[in-house]
Amino acid sequence: MLRDYQGLKVTTDSPETIAAINRYIDQALAYGKDAIAIFKGIKADPECAIANAYAAAFYLSHECAQSRLLAVPYLAAAIHHADKATEREQLFVAAVEAWAVGAINRAIAYTEEITDKYPRDLIAVQLGQYHYFYQGNKEGLLNIAEKVLPVSFENHYLHGMIAFGLEQCHRLNEAEAVGRMAVQMNRNDAWAQHAVAHVMETQGRTNEGIAWMESHSDTWENCNTMLYTHNWWHVALYYLEKEDIQKVLEIYDTHLWGRAWKESPKDQVGTISLLLRLELRRVDVGNRWKELVPYLTPRIHEHSLAFNDLHYIYALARAGQADLLNEMLISMQAYANAANALIKQTWSEVAVPTARGLAAHAQGEWENAIAQLGSTLSRLHTIGGSHAQRDLFEQVYLDAWLRVGENHQALRLLEKRLAAHRYIPSMQSGLTLLRTTEAATA
């Protein structure tokens with residue numbers, strides 16, 4: 001039995017397997033390109049339970065049907081060999097097994113138990129944060145990282161995870177301080193950079209945000225496509241705020257869709273999100289919606305994450321794919337009807353009506369969009385995603401009110417938004433314009 005670089009026991013006698021596990025841990029925490037190193041470890045010791053569980057988790061994190069199938073043999077091997085493994089390894093295998101069958105609360109419970117008993121296991125912390133994120137549980141996301149801080153204070157990855165949790169809990173000043181500390185500890189920590197970017201965006205510090213992110217953008221070459229494209233997405237949002245549309249389109253073509261792993265749901269979601277934001281600014285995005293269609297067709301019946309499905313729905317509608325759109329809406333409803341009790345309410349009462357509202361907006365049915373979205377926005381956090389990501393759906397709702405000429409209602413919504421994002425310049429200018437218009441028509 002050997003130990004990984006976190007000091008945790010691993011049931012293997014293979015130095016090659018330990019080296020591969022160490023590489024995997026570092027790359028998973030860094031969102032790096034070389035997490036596939038874990039497969040070398042399995043080749044060296046096919047009976048290493050936790051190496052197989054890591055491989056299964058690697059595939060499950062892609063959140064698509066094809067990758068779930070690829071996870072199956074590795075999870076089966078992990079379960080088969082778990083009886084010879086340590087308690088920590090058995091708990092991790094159990095967490096991944098629960099994830100694979102959609103028992104996310106049980107998966108979270110296992111990661112909490114691991115981090116209680118083995119607080120140096122930062123992969124368990126990261127996995128717990130992942131699940132909390134897609135449940136919209138910002139407190140859980142922060143707490144699972146903060147509780148292990150006393151034993152891993154020297155680890156910049158942990159500080160980056162805490163920084164993001166603090167930002168999601170609206171503790172912005174603390175989030176920025178912790179995120180900056182993590183980057184000072186290791187300039188290449190792209191997740192910590194990303195946490196600071198969230199703070200600056202929320203506070204409307206547009207020029208600072210551009211300077212911060214672009215000064216670190218060289219380090220993103222070491223990231224997997226998810227974080228590479230996501231960090232550039234944040235840069236694009238800053239330029240969108242400055243209304244530098246040409247720069248936003250350049251980022252889209254060069255760093256988002258241009259560098260995306262086009263089959264990846266996470267890369268697809270970022271791409272769709274930026275196109276929609278551009279259209280809300282009345283920008284003609286040309287043929288870009290249609291370019292996505294071949295890559296979205298496999299997503300229609302997957303329903304891995306409600307958050308993702310909402311993006312696919314809008315893209316299919318804007319690409320003029322009425323048949324595929326209707327097929328997906330029907331499929332979402334059927335999935336919601338058959339869903340287990342833990343997720344049924346979220347899918348039935350939030351995801352499906354939101355999807356119908358987004359489809360209505362994309363097709364110019366403003367009143368229908370208002371009716372559907374108005375019933376779900378207050379509960380939209382339950383589908384997961386960050387504040388910055390979910391804000392898009394509120395922008396769509398506001399746009400629908402503006403489209404039907406209801407400036408008074410739009411003004412009320414914009415004032416509420418301003419209260420939550422009081423430093424954002426374009427929101428302030430939009431509010432001033434609406435107040436002027438309302439005064440002129442009073």
# chains A, B, ... in the order shown; residues from 1 in each chain; ligands from 1
call {"tool": "closest_atom_pairs", "arguments": {"of": "region 210-242 of chain A", "to": "region 257-267 of chain A", "cutoff": "10 Å", "atoms": "only C-alpha atoms", "output": "Markdown table"}}
result
| residue | atom | partner | partner_atom | distance |
| --- | --- | --- | --- | --- |
| A:Asn224 | CA | A:Trp261 | CA | 9.1 |
| A:Thr225 | CA | A:Ala260 | CA | 5.9 |
| A:Met226 | CA | A:Asp267 | CA | 5.7 |
| A:Leu227 | CA | A:Asp267 | CA | 8.8 |
| A:Tyr228 | CA | A:Arg259 | CA | 8.4 |
| A:Thr229 | CA | A:Ala260 | CA | 6.6 |
| A:His230 | CA | A:Asp267 | CA | 7.6 |
call {"tool": "residues_around", "arguments": {"residues": "region 390-399 of chain A", "least_positions_apart": "4", "cutoff": "8 Å", "atoms": "only C-alpha atoms", "output": "JSON list (two decimals) with C-alpha atoms, in the first residue's frame"}}
result
[["chain", "number", "residue", "atom", "x", "y", "z"],
["A", 273, "SER", "CA", -24.99, 31.68, -23.47],
["A", 277, "ARG", "CA", -26.44, 37.66, -24.64],
["A", 280, "LEU", "CA", -30.31, 40.52, -26.30],
["A", 358, "LEU", "CA", -37.23, 30.33, -23.39],
["A", 361, "HIS", "CA", -38.94, 34.09, -26.36],
["A", 369, "ALA", "CA", -42.43, 33.88, -22.51],
["A", 370, "ILE", "CA", -43.50, 36.29, -19.75],
["A", 373, "LEU", "CA", -40.68, 32.58, -17.05],
["A", 374, "GLY", "CA", -42.52, 34.68, -14.50],
["A", 377, "LEU", "CA", -37.47, 32.78, -12.01],
["A", 380, "LEU", "CA", -34.31, 28.99, -10.88],
["A", 381, "HIS", "CA", -31.39, 28.56, -8.47],
["A", 385, "GLY", "CA", -25.22, 27.25, -12.34],
["A", 386, "SER", "CA", -23.55, 30.38, -11.03],
["A", 403, "ARG", "CA", -40.64, 43.75, -26.39],
["A", 410, "ALA", "CA", -39.51, 46.52, -17.16],
["A", 413, "LEU", "CA", -37.58, 44.61, -12.85],
["A", 414, "LEU", "CA", -34.56, 46.69, -13.72]]
call {"tool": "residues_around", "arguments": {"residues": "Tyr118 (chain A)", "least_positions_apart": "4", "cutoff": "9 Å", "atoms": "only C-alpha atoms", "output": "ChimeraX atom specification"}}
result
/A:8,88,113-114,148
call {"tool": "closest_residue", "arguments": {"among": "A:Lys344, A:Lys9, A:Lys247, A:Arg205", "to": "Ile383 (chain A)", "atoms": "only C-alpha atoms"}}
result
A:Lys344
call {"tool": "residues_around", "arguments": {"residues": "Gly384 (chain A)", "least_positions_apart": "6", "cutoff": "10 Å", "atoms": "only C-alpha atoms", "output": "PDB file with C-alpha atoms, in the first residue's frame"}}
result
ATOM      1  CA  TYR A 130     -19.594  20.059  -8.176  1.00  0.00           C
ATOM      2  CA  HIS A 131     -22.814  18.468  -6.961  1.00  0.00           C
ATOM      3  CA  TYR A 132     -23.720  21.344  -4.665  1.00  0.00           C
ATOM      4  CA  PHE A 133     -23.196  23.738  -7.591  1.00  0.00           C
ATOM      5  CA  TYR A 134     -25.738  21.959  -9.780  1.00  0.00           C
ATOM      6  CA  GLN A 135     -28.189  21.801  -6.894  1.00  0.00           C
ATOM      7  CA  GLY A 136     -27.946  25.561  -6.400  1.00  0.00           C
ATOM      8  CA  ASN A 137     -26.728  24.995  -2.818  1.00  0.00           C
ATOM      9  CA  LYS A 138     -24.190  27.782  -2.410  1.00  0.00           C
ATOM     10  CA  LEU A 305     -28.557  18.599 -16.228  1.00  0.00           C
ATOM     11  CA  ALA A 306     -31.623  20.838 -16.371  1.00  0.00           C
ATOM     12  CA  PHE A 307     -29.288  23.841 -16.533  1.00  0.00           C
ATOM     13  CA  ASN A 308     -27.800  22.536 -19.776  1.00  0.00           C
ATOM     14  CA  ARG A 390     -28.427  32.123 -14.333  1.00  0.00           C
TER      15      ARG A 390
END
call {"tool": "closest_residue", "arguments": {"among": "A:Asp83, A:Glu201, A:Glu327, A:Asp284", "to": "Ile313 (chain A)", "atoms": "only C-alpha atoms"}}
result
A:Glu327
call {"tool": "closest_residue", "arguments": {"among": "A:Gln345, A:Gln66, A:Asn231, A:Asn337", "to": "Thr382 (chain A)", "atoms": "only C-alpha atoms"}}
result
A:Gln345
call {"tool": "residues_around", "arguments": {"residues": "His170 (chain A)", "least_positions_apart": "4", "cutoff": "12 Å", "atoms": "only C-alpha atoms", "output": "mmCIF file with N, CA and C atoms, in the first residue's frame"}}
result
data_model
loop_
_atom_site.group_PDB
_atom_site.id
_atom_site.type_symbol
_atom_site.label_atom_id
_atom_site.label_comp_id
_atom_site.auth_asym_id
_atom_site.auth_seq_id
_atom_site.Cartn_x
_atom_site.Cartn_y
_atom_site.Cartn_z
ATOM 1 N N LYS A 138 -25.426 27.016 -2.533
ATOM 2 C CA LYS A 138 -24.190 27.782 -2.410
ATOM 3 C C LYS A 138 -23.551 27.619 -1.027
ATOM 4 N N GLU A 139 -24.369 27.452 0.001
ATOM 5 C CA GLU A 139 -23.816 27.280 1.344
ATOM 6 C C GLU A 139 -23.071 25.955 1.448
ATOM 7 N N LEU A 142 -19.700 26.143 -0.304
ATOM 8 C CA LEU A 142 -18.657 26.813 0.475
ATOM 9 C C LEU A 142 -18.233 25.982 1.678
ATOM 10 N N ALA A 163 -12.725 30.533 -2.498
ATOM 11 C CA ALA A 163 -13.008 31.850 -3.085
ATOM 12 C C ALA A 163 -14.281 31.808 -3.920
ATOM 13 N N PHE A 164 -14.436 30.769 -4.712
ATOM 14 C CA PHE A 164 -15.646 30.664 -5.536
ATOM 15 C C PHE A 164 -16.879 30.486 -4.655
ATOM 16 N N GLY A 165 -16.762 29.680 -3.609
ATOM 17 C CA GLY A 165 -17.880 29.510 -2.693
ATOM 18 C C GLY A 165 -18.258 30.810 -2.010
ATOM 19 N N LEU A 166 -17.272 31.581 -1.595
ATOM 20 C CA LEU A 166 -17.539 32.879 -0.974
ATOM 21 C C LEU A 166 -18.260 33.807 -1.942
ATOM 22 N N GLU A 174 -14.370 39.131 0.707
ATOM 23 C CA GLU A 174 -13.612 37.965 1.159
ATOM 24 C C GLU A 174 -13.223 37.087 -0.031
ATOM 25 N N ALA A 175 -14.145 36.908 -0.962
ATOM 26 C CA ALA A 175 -13.874 36.074 -2.134
ATOM 27 C C ALA A 175 -12.692 36.612 -2.928
ATOM 28 N N GLU A 176 -12.677 37.927 -3.136
ATOM 29 C CA GLU A 176 -11.576 38.503 -3.900
ATOM 30 C C GLU A 176 -10.251 38.337 -3.173
ATOM 31 N N ALA A 195 -12.655 32.962 -9.912
ATOM 32 C CA ALA A 195 -13.437 33.437 -8.765
ATOM 33 C C ALA A 195 -13.335 34.951 -8.631
ATOM 34 N N HIS A 198 -15.477 36.720 -11.197
ATOM 35 C CA HIS A 198 -16.882 36.796 -10.795
ATOM 36 C C HIS A 198 -17.135 38.024 -9.923
ATOM 37 N N VAL A 199 -16.232 38.260 -8.983
ATOM 38 C CA VAL A 199 -16.396 39.409 -8.085
ATOM 39 C C VAL A 199 -16.397 40.703 -8.879
ATOM 40 N N THR A 202 -19.592 41.198 -10.882
ATOM 41 C CA THR A 202 -20.727 41.547 -10.041
ATOM 42 C C THR A 202 -20.652 43.015 -9.607
ATOM 43 N N GLN A 203 -19.449 43.506 -9.381
ATOM 44 C CA GLN A 203 -19.273 44.879 -8.927
ATOM 45 C C GLN A 203 -19.120 45.873 -10.072
ATOM 46 N N SER A 386 -23.973 29.249 -11.852
ATOM 47 C CA SER A 386 -23.548 30.384 -11.032
ATOM 48 C C SER A 386 -24.530 31.534 -11.178
ATOM 49 N N HIS A 387 -24.389 32.540 -10.321
ATOM 50 C CA HIS A 387 -25.227 33.731 -10.445
ATOM 51 C C HIS A 387 -25.086 34.335 -11.844
ATOM 52 N N ALA A 388 -23.843 34.434 -12.311
ATOM 53 C CA ALA A 388 -23.595 35.055 -13.619
ATOM 54 C C ALA A 388 -24.263 34.266 -14.735
ATOM 55 N N ALA A 420 -29.465 44.471 -6.767
ATOM 56 C CA ALA A 420 -28.581 43.322 -6.574
ATOM 57 C C ALA A 420 -27.242 43.490 -7.276
ATOM 58 N N HIS A 421 -27.186 44.318 -8.320
ATOM 59 C CA HIS A 421 -25.956 44.512 -9.100
ATOM 60 C C HIS A 421 -25.730 46.022 -9.258
#
call {"tool": "residues_around", "arguments": {"residues": "Tyr74 (chain A)", "least_positions_apart": "6", "cutoff": "8 Å", "atoms": "only C-alpha atoms", "output": "ChimeraX atom specification"}}
result
/A:52-53,55-56
call {"tool": "write_last_selection", "arguments": {"atoms": "C-alpha atoms", "output": "PDB file, in the first residue's frame"}}
result
ATOM      1  CA  ASN A  52     -10.968   3.136 -11.610  1.00  0.00           C
ATOM      2  CA  ALA A  53     -13.354   5.356  -9.651  1.00  0.00           C
ATOM      3  CA  ALA A  55     -11.686   7.295 -14.361  1.00  0.00           C
ATOM      4  CA  ALA A  56     -15.433   6.818 -13.991  1.00  0.00           C
TER       5      ALA A  56
END
call {"tool": "residues_around", "arguments": {"residues": "region 331-333 of chain A", "least_positions_apart": "3", "cutoff": "9 Å", "atoms": "only C-alpha atoms", "output": "CSV table (one decimal) with N, CA and C atoms, in the first residue's frame"}}
result
chain,number,residue,atom,x,y,z
A,300,ILE,N,-30.6,15.9,-27.2
A,300,ILE,CA,-32.1,16.1,-27.1
A,300,ILE,C,-32.7,15.2,-26.0
A,301,HIS,N,-32.3,14.0,-25.9
A,301,HIS,CA,-32.9,13.1,-25.0
A,301,HIS,C,-32.0,12.7,-23.8
A,303,HIS,N,-30.8,14.8,-21.0
A,303,HIS,CA,-31.3,15.4,-19.7
A,303,HIS,C,-30.4,15.1,-18.6
A,306,ALA,N,-30.6,19.9,-15.9
A,306,ALA,CA,-31.6,20.8,-16.4
A,306,ALA,C,-31.0,22.1,-16.8
A,309,ASP,N,-30.0,21.8,-20.4
A,309,ASP,CA,-31.2,21.6,-21.3
A,309,ASP,C,-31.8,23.0,-21.7
A,326,ASN,N,-39.4,20.9,-30.6
A,326,ASN,CA,-40.6,20.2,-30.1
A,326,ASN,C,-40.3,18.8,-29.6
A,327,GLU,N,-39.4,18.2,-30.3
A,327,GLU,CA,-39.0,16.8,-29.8
A,327,GLU,C,-38.4,16.9,-28.4
A,328,MET,N,-37.5,17.9,-28.2
A,328,MET,CA,-36.8,18.1,-27.0
A,328,MET,C,-37.8,18.5,-25.9
A,336,ALA,N,-39.4,14.6,-16.9
A,336,ALA,CA,-39.9,15.1,-15.7
A,336,ALA,C,-41.0,14.2,-15.1
A,337,ASN,N,-41.9,13.7,-15.9
A,337,ASN,CA,-43.0,12.9,-15.4
A,337,ASN,C,-42.5,11.6,-14.8
A,338,ALA,N,-41.4,11.1,-15.3
A,338,ALA,CA,-40.8,9.8,-14.9
A,338,ALA,C,-39.7,9.9,-13.8
A,347,TRP,N,-37.7,19.5,-12.0
A,347,TRP,CA,-37.9,19.3,-13.4
A,347,TRP,C,-39.3,19.7,-13.9
A,348,SER,N,-40.3,19.3,-13.1
A,348,SER,CA,-41.7,19.5,-13.5
A,348,SER,C,-42.1,21.0,-13.3
A,351,ALA,N,-37.8,23.4,-14.5
A,351,ALA,CA,-37.1,23.2,-15.8
A,351,ALA,C,-38.0,23.3,-17.0
A,352,VAL,N,-39.1,22.5,-16.9
A,352,VAL,CA,-39.9,22.4,-18.1
A,352,VAL,C,-40.6,23.7,-18.4
A,355,ALA,N,-38.1,26.1,-19.8
A,355,ALA,CA,-37.7,25.7,-21.2
A,355,ALA,C,-38.8,26.2,-22.2
call {"tool": "select_by_dssp", "arguments": {"residues": "region 204-292 of chain A", "states": "helix (DSSP H, G or I)", "output": "ChimeraX atom specification"}}
result
/A:206-222,225-241,245-256,265-280,288-292
call {"tool": "atom_distance", "arguments": {"atom1": "CA of Leu256 (chain A)", "atom2": "CA of Glu302 (chain A)"}}
result
23.1 Å
call {"tool": "atom_distance", "arguments": {"atom1": "CA of Ile330 (chain A)", "atom2": "CA of Thr354 (chain A)"}}
result
13.5 Å
call {"tool": "atom_distance", "arguments": {"atom1": "CA of Leu69 (chain A)", "atom2": "CA of Glu221 (chain A)"}}
result
28.9 Å
call {"tool": "closest_residue", "arguments": {"among": "A:Thr219, A:Ser378, A:Asn173, A:Ser67", "to": "Val196 (chain A)", "atoms": "only C-alpha atoms"}}
result
A:Asn173
